[in-house]
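Worksheet for the structure shown next.
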Amino acid sequence: MTSQQSHRKDEHVSLAEKFHRPAEFSSFDQVRILHQSLPELALSDIDTTTLFEQRRIDYPILIEAMTGGSERTGKLNAQLAQLAATAHLPMAVGSQSVALKEPALSSTFTVVRNYNHDGMVIANLGAGHSVDDARAVVEMVSADALQVHINVAQELIMPEGDREFYWLDQLAAIVAKLNVPVIVKEVGFGMTAKTVQKLMAIGVTAVDLSGRGGTSFAQIENFRRPEKEMTYLNDWGLTTTESLLEMRKLSTRPLIIASGGIKTPLDAIKALALGADIAGMAGEVLHHLIATDYNATEQWLIHWLQDFKRLMLLTGSKTVRDLRKQSMVFSPELESFARQRFIS
Ligand code: FNR
């Protein structure tokens, strides 16, 4: 397992950890939820469950697509699957295109089913692949849904990246022909309302906005190419909060997953208050696995989920839907974004 592709997967993990900043700017700092002193609720009243693609899940939280494709990342996938199974959370695997090219690497993805037999697992593939490829990756991990990632900015920074981005026809075919739900996903650059409209026009019913503010693939890929860096793109893209505000422009909305910079339960609460159906977390989970160990990460995640429930109480939200009823105040910068984009 020493191919160039496997090496790249290992590098992504190491560099995501290298650039991980716990106290860094998060776009969720631009949003305040107003305190209410009389929630009239008990912790035992709070229902954290929600429906996600026809399945009831314990929390509206997704362990996001990250990895697989090398020996090290296969082990990480096994740990992520254990976490997902223990916490009853849905999880996505990282891009499986490497296993389509080198079938021997598929075990680094299928390992998730050894630890998470019945949980919700989401397959992952880049846009531009055929319907057959999409079917193959879904079958590989007996997936309940497929994420197709769209990552133009990342590819353009990568010296070995793609240079052709005619994706909509292939995406439409995949959406039409697959027998599992298809989620179209960014990788940390966010989406505008217009992008989501284009996706909905070809039948897409679920998007993962994956905005700027957390793991930055501009930063990661720039570090991998020490010459001719495009570091001026390190801040490219819409933040996750900006992407969520963009969705207010849509008259009909798809299922919305918000990821990109979600680290604390309060970040997730804010994402849901801004209209997300599910909040996804990648880099922060990875950071705990690498910086501590499996057991400490499991404890961290269990506490994280307990705190999420407490914050539902604090915000007077008996159900996940109630989170949408929050009174919020935006920072001047976010408010200016909303004004300039004609978002009310
Ligand atoms: C990712 N992400 C990602 N996304 C995807 O659709 N396919 C992939 O293969 C990967 N690979 C990957 C590797 C690593 C190491 C990380 C940290 C992330 C992107 C991820 O799913 C998410 O969209 C972004 O990382 C933003 O979320 P966070 O990290 O800020 O929580």
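The chains in the structure tokens are called A, B, ... from first to last as shown; in each chain the residues are counted from 1, and the ligands are counted from 1 in the order shown.
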
Please give the complete set of residues from range 113-155 of chain A that DSSP, run on the backbone, assigns to strand (DSSP E), formatted as a ChimeraX atom specification.
/A:121-126,145-149

Atoms kept (C-alpha atoms) for selection, written as an mmCIF file, in the first residue's frame:
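See selection.cif below for the written result:
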```cif
data_model
loop_
_atom_site.group_PDB
_atom_site.id
_atom_site.type_symbol
_atom_site.label_atom_id
_atom_site.label_comp_id
_atom_site.auth_asym_id
_atom_site.auth_seq_id
_atom_site.Cartn_x
_atom_site.Cartn_y
_atom_site.Cartn_z
ATOM 1 C CA VAL A 121 -22.776 4.569 6.363
ATOM 2 C CA ILE A 122 -22.374 7.003 3.488
ATOM 3 C CA ALA A 123 -20.147 6.233 0.498
ATOM 4 C CA ASN A 124 -18.036 9.005 -1.102
ATOM 5 C CA LEU A 125 -16.765 9.732 -4.584
ATOM 6 C CA GLY A 126 -15.633 12.764 -6.558
ATOM 7 C CA ALA A 145 -26.438 6.997 0.786
ATOM 8 C CA LEU A 146 -23.725 8.417 -1.458
ATOM 9 C CA GLN A 147 -21.875 11.708 -1.119
ATOM 10 C CA VAL A 148 -20.490 13.052 -4.380
ATOM 11 C CA HIS A 149 -17.923 15.730 -3.622
#
```

Using DSSP on the backbone, list every residue of range 3-195 of chain A that comes out as helix (DSSP H, G or I), and give them as number ranges by chain.
A: 4-18, 27-30, 43-45, 71-87, 97-101, 103-115, 131-140, 152-157, 168-177, 193-195

Protein and nucleic acid residues within 9 Å of ligand 1 (only C-alpha atoms and all ligand atoms) as a PyMOL selection string
chain A and resi 9-17+20+63-68+92-97+124-126+147-151+184-189+208-217+258-263+280-287

Any chance you could export the current selection's C-alpha atoms as a JSON list (two decimals), in the first residue's frame?
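Below is the file part05.json, written as the result:
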```json
[["chain", "number", "residue", "atom", "x", "y", "z"],
["A", 9, "LYS", "CA", -4.31, 10.03, 1.73],
["A", 10, "ASP", "CA", -1.74, 9.84, 4.54],
["A", 11, "GLU", "CA", -0.56, 13.37, 3.77],
["A", 12, "HIS", "CA", -4.11, 14.73, 3.93],
["A", 13, "VAL", "CA", -4.54, 13.31, 7.41],
["A", 14, "SER", "CA", -1.17, 14.58, 8.67],
["A", 15, "LEU", "CA", -1.66, 18.04, 7.17],
["A", 16, "ALA", "CA", -5.25, 18.37, 8.43],
["A", 17, "GLU", "CA", -3.83, 17.73, 11.91],
["A", 20, "HIS", "CA", -5.85, 22.10, 13.04],
["A", 63, "ILE", "CA", -19.12, 12.08, 11.21],
["A", 64, "GLU", "CA", -17.92, 13.50, 7.91],
["A", 65, "ALA", "CA", -16.08, 12.01, 4.95],
["A", 66, "MET", "CA", -12.36, 11.87, 5.56],
["A", 67, "THR", "CA", -10.36, 8.90, 4.76],
["A", 68, "GLY", "CA", -9.36, 5.42, 3.59],
["A", 92, "ALA", "CA", -19.23, 8.90, 5.75],
["A", 93, "VAL", "CA", -16.04, 7.33, 4.44],
["A", 94, "GLY", "CA", -13.50, 9.32, 2.42],
["A", 95, "SER", "CA", -13.32, 9.29, -1.34],
["A", 96, "GLN", "CA", -13.30, 5.71, -2.60],
["A", 97, "SER", "CA", -11.96, 6.45, -6.08],
["A", 124, "ASN", "CA", -18.04, 9.00, -1.10],
["A", 125, "LEU", "CA", -16.77, 9.73, -4.58],
["A", 126, "GLY", "CA", -15.63, 12.76, -6.56],
["A", 147, "GLN", "CA", -21.87, 11.71, -1.12],
["A", 148, "VAL", "CA", -20.49, 13.05, -4.38],
["A", 149, "HIS", "CA", -17.92, 15.73, -3.62],
["A", 150, "ILE", "CA", -17.38, 18.80, -5.77],
["A", 151, "ASN", "CA", -13.93, 20.27, -5.17],
["A", 184, "VAL", "CA", -23.71, 16.59, -3.29],
["A", 185, "LYS", "CA", -20.96, 17.90, -1.08],
["A", 186, "GLU", "CA", -18.32, 20.63, -1.08],
["A", 187, "VAL", "CA", -15.01, 20.11, 0.71],
["A", 188, "GLY", "CA", -14.61, 23.32, 2.71],
["A", 189, "PHE", "CA", -15.35, 26.06, 0.16],
["A", 208, "ASP", "CA", -23.58, 19.25, 2.18],
["A", 209, "LEU", "CA", -22.53, 22.91, 2.16],
["A", 210, "SER", "CA", -19.09, 22.25, 3.70],
["A", 211, "GLY", "CA", -17.97, 25.84, 4.06],
["A", 212, "ARG", "CA", -14.77, 27.62, 4.96],
["A", 213, "GLY", "CA", -13.81, 27.99, 8.62],
["A", 214, "GLY", "CA", -12.45, 24.55, 9.47],
["A", 215, "THR", "CA", -10.20, 22.21, 7.51],
["A", 216, "SER", "CA", -8.82, 24.10, 4.51],
["A", 217, "PHE", "CA", -7.95, 22.07, 1.45],
["A", 258, "ALA", "CA", -23.74, 22.00, 7.30],
["A", 259, "SER", "CA", -20.09, 21.15, 7.77],
["A", 260, "GLY", "CA", -16.88, 23.15, 7.83],
["A", 261, "GLY", "CA", -15.54, 24.39, 11.15],
["A", 262, "ILE", "CA", -17.97, 22.64, 13.47],
["A", 263, "LYS", "CA", -15.98, 21.91, 16.60],
["A", 280, "GLY", "CA", -21.22, 17.41, 10.07],
["A", 281, "MET", "CA", -17.83, 17.27, 11.74],
["A", 282, "ALA", "CA", -14.56, 16.09, 10.17],
["A", 283, "GLY", "CA", -11.30, 17.69, 11.31],
["A", 284, "GLU", "CA", -12.23, 17.96, 14.98],
["A", 285, "VAL", "CA", -12.95, 14.21, 15.28],
["A", 286, "LEU", "CA", -9.72, 13.40, 13.45],
["A", 287, "HIS", "CA", -7.81, 15.75, 15.74]]
```

Determine, counting only C-alpha atoms, which protein, DNA and RNA residues have an atom within 10 Å of an atom of Asn114 in chain A; residues of the same chain fewer than 4 positions away are not included. Present the result as a list in words.
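Listing them by chain and then by number gives Ala78, Ala81, Gln82, Thr110 and Asp118 of chain A.
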
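Among A:Arg341, A:Gln5, A:Trp167, A:Glu53, the residue with the shortest atom-to-atom distance to Leu100 in chain A, counting only C-alpha atoms, is A:Gln5.
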
Counting only C-alpha atoms, which residue out of A:His288, A:His303, A:Arg310, A:Lys318 sits closest to Pro22 in chain A?
A:His288

Do you know which residues are at most 12 Å from Lys270 in chain A counting only C-alpha atoms, after dropping those on the same chain fewer than 3 positions away, and could you put them as a JSON list (two decimals) with C-alpha atoms, in the first residue's frame?
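Once everything was written out, this is part.json:
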```
[["chain", "number", "residue", "atom", "x", "y", "z"],
["A", 26, "SER", "CA", -14.74, 29.99, 13.38],
["A", 27, "SER", "CA", -17.49, 31.43, 11.25],
["A", 28, "PHE", "CA", -19.89, 30.44, 14.03],
["A", 29, "ASP", "CA", -18.36, 33.19, 16.19],
["A", 30, "GLN", "CA", -20.22, 35.57, 13.88],
["A", 31, "VAL", "CA", -23.56, 34.34, 15.22],
["A", 32, "ARG", "CA", -24.98, 34.79, 18.71],
["A", 33, "ILE", "CA", -28.04, 32.99, 19.94],
["A", 34, "LEU", "CA", -29.88, 35.10, 22.48],
["A", 240, "THR", "CA", -20.35, 27.79, 6.53],
["A", 241, "THR", "CA", -22.49, 30.53, 8.09],
["A", 244, "LEU", "CA", -26.35, 28.74, 5.37],
["A", 245, "LEU", "CA", -27.58, 32.31, 4.95],
["A", 258, "ALA", "CA", -23.74, 22.00, 7.30],
["A", 259, "SER", "CA", -20.09, 21.15, 7.77],
["A", 261, "GLY", "CA", -15.54, 24.39, 11.15],
["A", 262, "ILE", "CA", -17.97, 22.64, 13.47],
["A", 263, "LYS", "CA", -15.98, 21.91, 16.60],
["A", 264, "THR", "CA", -18.17, 22.51, 19.63],
["A", 265, "PRO", "CA", -21.78, 21.52, 20.34],
["A", 266, "LEU", "CA", -22.58, 25.25, 20.25],
["A", 267, "ASP", "CA", -21.28, 25.47, 16.65],
["A", 273, "ALA", "CA", -30.56, 27.37, 14.16],
["A", 274, "LEU", "CA", -29.45, 28.85, 10.83],
["A", 275, "GLY", "CA", -31.44, 26.19, 8.98],
["A", 276, "ALA", "CA", -29.26, 23.09, 8.63],
["A", 277, "ASP", "CA", -30.96, 19.71, 9.06],
["A", 278, "ILE", "CA", -27.74, 17.94, 10.05],
["A", 279, "ALA", "CA", -24.35, 19.23, 11.26],
["A", 308, "PHE", "CA", -25.48, 19.19, 22.71],
["A", 311, "LEU", "CA", -27.68, 23.31, 24.79],
["A", 312, "MET", "CA", -31.00, 22.29, 23.28],
["A", 315, "THR", "CA", -32.06, 27.40, 23.84],
["A", 320, "VAL", "CA", -34.39, 19.48, 16.77],
["A", 323, "LEU", "CA", -33.78, 24.94, 17.10],
["A", 324, "ARG", "CA", -34.94, 26.89, 14.05],
["A", 325, "LYS", "CA", -36.94, 29.26, 16.27],
["A", 326, "GLN", "CA", -33.94, 30.99, 17.82],
["A", 327, "SER", "CA", -33.47, 34.74, 18.08],
["A", 328, "MET", "CA", -30.04, 35.45, 16.65],
["A", 329, "VAL", "CA", -27.71, 38.41, 16.25],
["A", 330, "PHE", "CA", -25.03, 38.51, 13.55]]
```

Choose the residue, out of A:Lys309, A:Lys101, A:Arg253, A:His117, that has the smallest atom-to-atom separation from Ser6 in chain A; count only C-alpha atoms.
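Among the listed residues, the smallest separation from Ser6 in chain A belongs to A:Lys101.
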
Would you mind telling me which residue in A:Leu89, A:Ala271, A:Ala42, A:Ala104 lies nearest to Gly69 in chain A when using only C-alpha atoms?
A:Ala104

Counting only C-alpha atoms, what is within 12 Å of Glu298 in chain A, bar same-chain residues fewer than 3 positions away, as an NGL selection string?
:A and (79-88 or 285-286 or 288-289 or 292-295 or 301-305)
